[in-house]
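What follows is model-v1.csv (CSV, C-alpha atoms and all ligand atoms).
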chain,number,residue,atom,x,y,z
A,256,MET,CA,126.7,346.4,26.3
A,257,THR,CA,123.3,347.1,27.7
A,258,GLN,CA,122.8,347.4,31.4
A,259,ALA,CA,119.5,346.3,32.8
A,260,GLY,CA,120.4,347.5,36.3
A,261,GLY,CA,123.2,346.9,38.7
A,262,THR,CA,122.4,343.3,39.6
A,263,PHE,CA,121.7,341.8,36.1
A,264,GLY,CA,123.5,342.9,33.0
A,265,LEU,CA,123.6,342.0,29.3
A,266,VAL,CA,127.0,341.2,27.8
A,267,GLU,CA,128.1,340.1,24.4
A,268,LEU,CA,130.1,336.9,24.3
A,269,PRO,CA,133.1,336.6,21.9
A,270,GLY,CA,130.9,334.3,19.7
A,271,GLY,CA,128.4,337.1,19.2
A,272,TRP,CA,125.7,335.9,21.7
A,273,THR,CA,124.1,338.5,24.0
A,274,VAL,CA,123.6,336.9,27.4
A,275,GLY,CA,122.4,338.0,30.8
A,276,ARG,CA,124.4,337.6,33.9
A,277,PHE,CA,123.9,338.3,37.6
A,278,ALA,CA,126.8,340.3,39.0
A,279,ALA,CA,126.6,338.5,42.4
A,280,LEU,CA,126.8,335.0,40.8
A,281,GLU,CA,129.7,336.2,38.5
A,282,ALA,CA,131.6,337.3,41.6
A,283,MET,CA,131.5,333.8,43.1
A,284,PRO,CA,134.7,331.8,42.7
A,285,LYS,CA,134.4,328.8,40.5
A,286,VAL,CA,130.8,329.5,39.5
A,287,VAL,CA,129.8,330.2,35.8
A,288,HIS,CA,126.4,330.9,34.4
A,289,LEU,CA,124.5,332.6,31.6
A,290,VAL,CA,120.9,333.4,30.6
A,291,THR,CA,120.4,333.4,26.8
A,292,THR,CA,118.4,336.0,24.9
A,293,ARG,CA,117.1,336.2,21.3
A,294,ARG,CA,120.5,337.4,20.2
A,295,GLY,CA,122.5,334.3,19.9
A,296,LEU,CA,121.2,330.8,20.7
A,297,ASP,CA,118.1,330.3,18.5
A,298,VAL,CA,114.9,330.5,20.6
A,299,ASP,CA,113.1,328.0,18.3
A,300,GLN,CA,116.0,325.6,18.7
A,301,VAL,CA,115.8,325.8,22.4
A,302,ARG,CA,112.1,324.9,22.2
A,303,LEU,CA,112.3,322.2,19.5
A,304,HIS,CA,115.8,320.7,20.2
A,305,PRO,CA,116.5,321.3,23.9
A,306,ASP,CA,119.2,318.7,24.0
A,307,ALA,CA,121.4,320.3,21.3
A,308,ALA,CA,120.6,323.9,22.5
A,309,THR,CA,121.4,323.1,26.1
A,310,ARG,CA,124.7,321.5,25.2
A,311,GLN,CA,125.6,324.6,23.1
A,312,ALA,CA,124.8,326.9,25.9
A,313,GLY,CA,126.8,324.9,28.4
A,314,GLN,CA,129.8,324.7,26.1
A,315,ALA,CA,129.7,328.5,25.7
A,316,ILE,CA,130.9,328.8,29.4
A,317,GLY,CA,133.1,325.7,29.5
A,318,LEU,CA,130.6,323.2,30.8
A,319,ALA,CA,130.1,319.7,29.4
A,320,PRO,CA,127.8,317.9,29.6
A,321,THR,CA,124.9,320.0,30.6
A,322,ALA,CA,121.8,318.4,32.1
A,323,TRP,CA,118.2,319.4,31.4
A,324,VAL,CA,114.8,318.1,32.4
A,325,HIS,CA,111.3,317.7,30.9
A,326,GLN,CA,109.6,320.5,32.9
A,327,VAL,CA,106.3,319.6,34.3
A,328,HIS,CA,105.5,322.5,36.7
A,329,GLY,CA,105.9,320.4,39.8
A,330,PRO,CA,107.9,320.2,43.0
A,331,THR,CA,110.6,317.7,42.0
A,332,CYS,CA,114.3,318.5,42.1
A,333,LEU,CA,116.8,316.0,40.6
A,334,VAL,CA,120.5,315.7,41.3
A,335,ALA,CA,122.8,315.6,38.3
A,336,ARG,CA,125.9,313.3,38.5
A,337,ARG,CA,128.5,312.9,35.8
A,338,ASP,CA,128.5,309.1,36.0
A,339,GLU,CA,124.8,308.9,35.3
A,340,LEU,CA,125.2,311.0,32.3
A,341,ALA,CA,128.2,309.3,30.8
A,342,GLY,CA,127.6,307.5,27.6
A,343,ARG,CA,124.1,308.9,27.1
A,344,GLU,CA,123.3,310.7,23.9
A,345,ALA,CA,120.7,312.8,25.6
A,346,PHE,CA,121.3,314.5,28.9
A,347,CYS,CA,117.7,314.8,30.0
A,348,LEU,CA,117.5,313.6,33.6
A,349,GLY,CA,113.7,313.0,33.5
A,350,GLN,CA,110.6,314.9,34.6
A,351,ALA,CA,111.3,317.6,37.1
A,352,ASP,CA,111.5,321.4,37.5
A,353,ALA,CA,114.9,321.8,39.3
A,354,ILE,CA,118.4,320.3,39.1
A,355,VAL,CA,121.3,320.6,41.5
A,356,THR,CA,124.9,319.4,41.4
A,357,ASP,CA,128.2,319.7,43.2
A,358,GLN,CA,130.2,318.2,40.4
A,359,PRO,CA,132.6,320.4,38.4
A,360,LEU,CA,132.1,321.0,34.7
A,361,LEU,CA,128.6,319.5,34.8
A,362,GLY,CA,126.1,322.2,33.7
A,363,VAL,CA,122.5,322.3,34.9
A,364,SER,CA,119.8,324.1,32.9
A,365,CYS,CA,116.1,325.0,32.6
A,366,ARG,CA,114.1,326.7,29.8
A,367,SER,CA,111.5,329.4,29.8
A,368,ALA,CA,109.2,331.7,27.9
A,369,ASP,CA,107.7,333.8,30.7
A,370,CYS,CA,108.3,331.6,33.8
A,371,PRO,CA,111.0,332.8,36.2
A,372,LEU,CA,114.1,330.6,36.2
A,373,VAL,CA,115.9,330.7,39.6
A,374,LEU,CA,119.7,330.2,39.6
A,375,ALA,CA,121.5,329.5,42.9
A,376,ALA,CA,125.1,328.8,44.0
A,377,GLY,CA,126.8,328.5,47.3
A,378,SER,CA,130.0,327.6,48.9
A,379,ASN,CA,131.1,326.3,52.3
A,380,PRO,CA,134.1,327.5,54.3
A,381,ASP,CA,135.7,324.1,53.4
A,382,GLY,CA,135.4,325.0,49.7
A,383,ARG,CA,132.6,322.7,48.8
A,384,THR,CA,130.5,324.4,46.1
A,385,ALA,CA,127.1,323.5,44.7
A,386,VAL,CA,124.8,325.0,42.1
A,387,GLY,CA,121.1,324.7,41.2
A,388,VAL,CA,118.5,325.9,38.7
A,389,ALA,CA,114.7,325.9,39.1
A,390,HIS,CA,111.8,326.5,36.6
A,391,ALA,CA,109.4,328.5,38.8
A,392,SER,CA,106.3,328.8,36.7
A,393,TRP,CA,103.2,329.9,38.6
A,394,ARG,CA,102.4,326.3,39.3
A,395,GLY,CA,106.0,325.6,40.2
A,396,THR,CA,106.1,328.7,42.4
A,397,VAL,CA,102.9,327.6,44.2
A,398,ALA,CA,104.6,324.2,44.6
A,399,CYS,CA,107.6,326.0,46.1
A,400,ILE,CA,110.1,324.6,43.6
A,401,ALA,CA,112.8,327.3,44.5
A,402,GLU,CA,112.5,326.3,48.1
A,403,VAL,CA,112.8,322.6,47.2
A,404,MET,CA,116.0,323.3,45.2
A,405,VAL,CA,117.6,325.3,48.1
A,406,ARG,CA,116.7,322.6,50.6
A,407,GLU,CA,118.3,320.0,48.4
A,408,MET,CA,121.5,322.1,48.2
A,409,VAL,CA,121.5,322.4,52.0
A,410,ASP,CA,120.5,318.8,52.9
A,411,ARG,CA,122.5,317.0,50.3
A,412,PHE,CA,125.6,319.1,49.9
A,413,GLY,CA,125.8,320.6,53.4
A,414,LEU,CA,125.7,324.2,52.3
A,415,ALA,CA,124.7,326.9,54.8
A,416,PRO,CA,121.7,328.9,53.5
A,417,ALA,CA,123.4,332.1,54.4
A,418,GLY,CA,126.2,331.2,52.0
A,419,ILE,CA,123.8,330.8,49.0
A,420,VAL,CA,123.4,333.5,46.3
A,421,ALA,CA,120.3,333.3,44.1
A,422,GLY,CA,119.3,335.1,40.9
A,423,ILE,CA,115.7,335.3,39.7
A,424,CYS,CA,115.9,335.5,35.9
A,425,PRO,CA,113.8,337.6,33.5
A,426,SER,CA,110.1,336.5,33.4
A,427,ALA,CA,106.6,337.8,33.1
A,428,GLY,CA,106.7,340.7,35.6
A,429,PRO,CA,104.1,342.0,38.0
A,430,CYS,CA,103.5,344.8,35.4
A,431,CYS,CA,102.1,342.3,32.9
A,432,TYR,CA,101.4,338.9,34.4
A,433,GLU,CA,97.6,339.1,34.7
A,434,VAL,CA,96.0,336.0,36.3
A,435,GLN,CA,92.5,334.8,37.1
A,436,ASP,CA,91.1,333.6,40.3
A,437,ASP,CA,92.1,330.0,39.9
A,438,VAL,CA,95.7,331.0,40.2
A,439,PHE,CA,95.0,333.0,43.3
A,440,GLN,CA,93.0,330.2,44.9
A,441,ALA,CA,95.8,327.7,44.2
A,442,ALA,CA,98.4,330.0,45.7
A,443,ARG,CA,96.2,330.6,48.8
A,444,GLU,CA,95.7,326.9,49.3
A,445,SER,CA,99.4,326.2,49.2
A,446,LEU,CA,101.0,329.3,50.7
A,447,GLY,CA,98.3,330.4,53.1
A,448,PRO,CA,97.2,334.0,53.8
A,449,SER,CA,100.6,335.3,52.8
A,450,ALA,CA,99.7,334.6,49.2
A,451,GLU,CA,97.5,337.7,49.3
A,452,ARG,CA,100.4,340.1,48.9
A,453,LEU,CA,101.7,338.3,45.8
A,454,PHE,CA,98.6,339.4,43.8
A,455,PRO,CA,98.5,343.2,43.2
A,456,ARG,CA,95.2,344.5,41.8
A,457,ARG,CA,95.0,347.3,39.3
A,458,ASP,CA,91.9,348.6,37.4
A,459,GLY,CA,89.8,345.6,38.5
A,460,ARG,CA,92.5,343.2,37.2
A,461,MET,CA,94.6,340.8,39.2
A,462,PHE,CA,98.3,340.3,38.6
A,463,MET,CA,100.8,337.8,40.1
A,464,ASP,CA,104.2,339.0,41.3
A,465,LEU,CA,106.3,335.9,40.6
A,466,TRP,CA,109.5,337.8,41.5
A,467,ARG,CA,108.3,338.6,45.0
A,468,ALA,CA,106.9,335.1,45.5
A,469,ASN,CA,110.2,333.5,44.7
A,470,ARG,CA,112.1,336.1,46.7
A,471,GLU,CA,110.0,335.3,49.8
A,472,GLN,CA,110.5,331.6,49.3
A,473,LEU,CA,114.2,331.9,49.1
A,474,ARG,CA,114.2,334.1,52.2
A,475,ALA,CA,112.0,331.6,54.0
A,476,CYS,CA,114.7,328.9,53.5
A,477,GLY,CA,117.4,331.1,55.1
A,478,LEU,CA,118.9,333.1,52.3
A,479,ASN,CA,120.0,336.6,53.2
A,480,ASP,CA,117.9,339.2,51.5
A,481,GLY,CA,121.0,340.8,50.1
A,482,ASN,CA,121.9,337.5,48.4
A,483,ILE,CA,118.7,337.3,46.4
A,484,HIS,CA,118.9,339.2,43.1
A,485,THR,CA,116.0,339.9,40.7
A,486,ALA,CA,116.8,340.6,37.1
A,487,GLY,CA,113.7,342.8,37.0
A,488,LEU,CA,113.3,342.3,33.2
A,489,CYS,CA,109.8,341.4,32.1
A,490,THR,CA,109.6,339.1,29.1
A,491,LEU,CA,106.4,340.8,27.8
A,492,CYS,CA,107.8,344.3,28.1
A,493,ARG,CA,111.1,343.1,26.6
A,494,ASN,CA,109.8,340.7,24.1
A,495,ASP,CA,112.5,342.1,21.8
A,496,LEU,CA,115.0,340.3,24.0
A,497,PHE,CA,113.1,337.3,25.4
A,498,PRO,CA,110.5,334.9,24.0
A,499,SER,CA,107.1,335.3,25.8
A,500,HIS,CA,104.4,332.6,25.7
A,501,ARG,CA,101.8,335.2,26.7
A,502,LYS,CA,102.7,337.4,23.7
A,503,GLU,CA,103.5,334.7,21.1
A,504,ALA,CA,101.4,331.7,22.2
A,505,GLN,CA,102.3,328.4,20.6
A,506,GLN,CA,104.9,330.2,18.4
A,507,ALA,CA,106.9,331.3,21.3
A,508,GLY,CA,110.5,330.0,21.4
A,509,ARG,CA,112.4,329.5,24.7
A,510,PHE,CA,115.4,331.0,26.3
A,511,LEU,CA,117.5,329.1,28.8
A,512,ALA,CA,119.6,329.5,31.9
A,513,VAL,CA,122.6,327.4,32.7
A,514,ILE,CA,124.9,327.3,35.7
A,515,GLY,CA,127.9,325.2,36.7
A,516,ILE,CA,131.1,324.9,38.6
A,517,VAL,CA,134.6,325.1,37.1
A,518,PRO,CA,137.7,323.8,38.8
A,601,ZN,ZN,105.9,343.8,31.8
As a first step, turn the structure in this file into structure tokens.
Amino acid sequence: MTQAGGTFGLVELPGGWTVGRFAALEAMPKVVHLVTTRRGLDVDQVRLHPDAATRQAGQAIGLAPTAWVHQVHGPTCLVARRDELAGREAFCLGQADAIVTDQPLLGVSCRSADCPLVLAAGSNPDGRTAVGVAHASWRGTVACIAEVMVREMVDRFGLAPAGIVAGICPSAGPCCYEVQDDVFQAARESLGPSAERLFPRRDGRMFMDLWRANREQLRACGLNDGNIHTAGLCTLCRNDLFPSHRKEAQQAGRFLAVIGIVP
């Protein structure tokens, strides 16, 4: 077992997959999740056959079916419902970058090769639980997709933001995610002057801190700082564990994150 820090650890499943897990999500009753790595679910299969890969990943933690989306780097969050999935061969809900559900045994999932995936789960005192996942690419982050996901969990399922726990999965980190001025301008236009602090400069180059950007968004919708956990693993630095589009270009596979509720 490799530890990547206190909040996010790598564990080996009985089937031989090495997966990542957030301790804080694992500690939540009825919530199951995993983040795949290169060791286990084939990264090319995740890219080329997302339906089959997503189902396999969900089944590994007792979820079936598991929903996924055609990710388009936008601000749309869909709600997954078992009755809408029943009888379909494919469990793709459509074009979106986040999915939420409150239905047990129904997984929700997104895929990545550098973009942060944000997992969230929350419970009310009355026992109602809901989960969500968001694909927070730089465009998605600028479109506030993590915030859209949390607001959906709050408005639709009645969760209190203070009862929501979130995990920001491995992605291109502020150490490596160099961007050009167009990204900075887009962020400034959407997020205002506060975008400035999300773009550290080093040696005349500009980087984007996607982890901080998503943390700030989650905090802005009412999550407690102590309930927001960042894996802190960079997909470029740890290309041995995770596919990276920046490093491998079109050849890059994908890893995925799935979360759900068990009875
Ligand atoms: Zn890095």
What do you get as a compact mmCIF listing (two decimals) with C-alpha atoms, in the frame of the given file if you pick all residues at most 6 Å from ligand ZN 601 (chain A), counting all atoms listed in the file?
# COMPACT_ATOMS: atom_id res chain seq x y z
CA GLY A 428 106.70 340.70 35.60
CA CYS A 430 103.50 344.80 35.40
CA CYS A 431 102.10 342.30 32.90
CA CYS A 489 109.80 341.40 32.10
CA LEU A 491 106.40 340.80 27.80
CA CYS A 492 107.80 344.30 28.10
**Request:** Find the residue from A:Arg294, A:Arg337, A:Arg443, A:Arg310 that sits nearest to Asp357 (chain A); use only C-alpha atoms when measuring.
**Result:**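 The closest residue to Asp357 (chain A) is A:Arg337.
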**Asked** Pick from A:Leu511, A:Thr490, A:Arg457, A:Asp352: nearest to Asp306 (chain A), with all atoms listed in the file counted?
**Response** A:Leu511
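Nearest-residue note for Pro425 (chain A): choosing from A:Thr485, A:Gln314, A:Thr273, A:Gln358, the minimum distance belongs to A:Thr485, counting all atoms listed in the file.
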**Request:** For CA of Gly313 (chain A) and CA of Ala335 (chain A), quote the distance in Å rounded to one decimal.
**Result:** 14.2 Å
**Prompt:** At a cut-off of 9 Å from (127.8, 322.6, 43.1) in the coordinates of the file, what residues are picked up using all atoms listed in the file, written as a PyMOL selection string?
**Reply:** chain A and resi 286+355-359+361+376-378+383-387+408+412+515-516
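If only C-alpha atoms are the atoms counted, then among A:Gln472, A:Ser426, A:Asn479, A:Gln326 the closest residue to Leu446 (chain A) is A:Gln472.
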**Item:** Residue nearest Cys347 (chain A) - candidates A:Leu374, A:Val363, A:Ala368, A:Ala322, atoms counted: all atoms listed in the file
**Value:**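 Closest to Cys347 (chain A) of all the choices is A:Ala322.
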**Using only C-alpha atoms: which of A:Glu402, A:Ala512, A:Glu451, A:Leu473 has the shortest distance to Ala315 (chain A)** = A:Ala512
**Request:** Name the residues in contact with Phe454 (chain A) at a cut-off of 9 Å, using all atoms listed in the file, excluding same-chain residues fewer than 5 positions from it; report them as a count of residues only.
**Result:** 7
**Asked** Please, what distance in Å, to one decimal, runs between CA of Gly362 (chain A) and CA of Leu348 (chain A)?
**Response** 12.2 Å
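We find CA of Ile400 (chain A) and CA of Leu453 (chain A) to be spaced 16.2 Å apart.
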Please tell me which residues are no farther than 7 Å from (109.9, 329.3, 40.4) in the file, counting all atoms listed in the file, and write them as a short mmCIF file (atom, residue, chain, number, x, y, z; two decimals) with C-alpha atoms, in the coordinates of the input.
data_model
loop_
_atom_site.label_atom_id
_atom_site.label_comp_id
_atom_site.auth_asym_id
_atom_site.auth_seq_id
_atom_site.Cartn_x
_atom_site.Cartn_y
_atom_site.Cartn_z
CA PRO A 371 111.00 332.80 36.20
CA LEU A 372 114.10 330.60 36.20
CA VAL A 373 115.90 330.70 39.60
CA ALA A 389 114.70 325.90 39.10
CA HIS A 390 111.80 326.50 36.60
CA ALA A 391 109.40 328.50 38.80
CA SER A 392 106.30 328.80 36.70
CA TRP A 393 103.20 329.90 38.60
CA GLY A 395 106.00 325.60 40.20
CA THR A 396 106.10 328.70 42.40
CA CYS A 399 107.60 326.00 46.10
CA ILE A 400 110.10 324.60 43.60
CA ALA A 401 112.80 327.30 44.50
CA ASN A 469 110.20 333.50 44.70
#
